[in-house]
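Everything on this sheet refers to the single structure shown next.
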Amino acid sequence: MANTDIIQQALEIARAQAGVRPMTAQEVAAYVSELTVALETAMAPEESAPAPAVDPKNSIGETYVTCLECGKKFKVMGNRHLKTHGLTAKEYKAKWGLKKGTSLAAKSLVRLRRKKMQDMRLWERRGAK
C-alpha cells in the first residue's frame, strides 16, 4: 500500500474521531501521525525466517552434505564453515531441526569410517595390554 493511501486512511479515521469528540488542531495532528505510524507497521510485510537452500531432510546425502544456509556442498561440513554463518554445529542443527546426534558428513564417508574402526578393533587391543 502506498504511503499516500496510508495517510488518507489516517486522515479519515482522525476526521471520524474529531466528529465524535472535540479535538484541538494539535491533537488531530498528533493523532494522524500516530495513526500513520500504526498503519504503516500493520501494513508492512512480515519478515519471515530465511528459507533453507534445500529441504533439511535431504541435506545429508550419500556423497555430500549441503549447507542449509548457503547451499554449498561438502563431504564434511565443519565448524570452520559454520563460523562463516555465525553458528556452531549445535546451533546449526537446532536452527534447521536436525537431531543432536546427526553427523554433518556424507553418509558414504560415515559408513567408510565406521567400517574402518570396526576393522581396526581397537577395543580388543586395549584389553590385551
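Naming works like this for the C-alpha cells: A, B, ... for the chains as they're shown, residue 1 at the start of each chain, ligands 1 onward in shown order.
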Next on the checklist: Report as JSON, numbers by chain all protein, DNA and RNA residues lying within 9 Å of stretch 70-79 of chain A, evaluated on only C-alpha atoms, omitting residues in the same chain fewer than 2 positions from it.
Outcome noted: {"A": [52, 53, 54, 63, 64, 65, 66, 67, 68, 81, 82, 83, 84, 85, 87, 88, 89, 103, 104, 105, 106, 107, 109]}
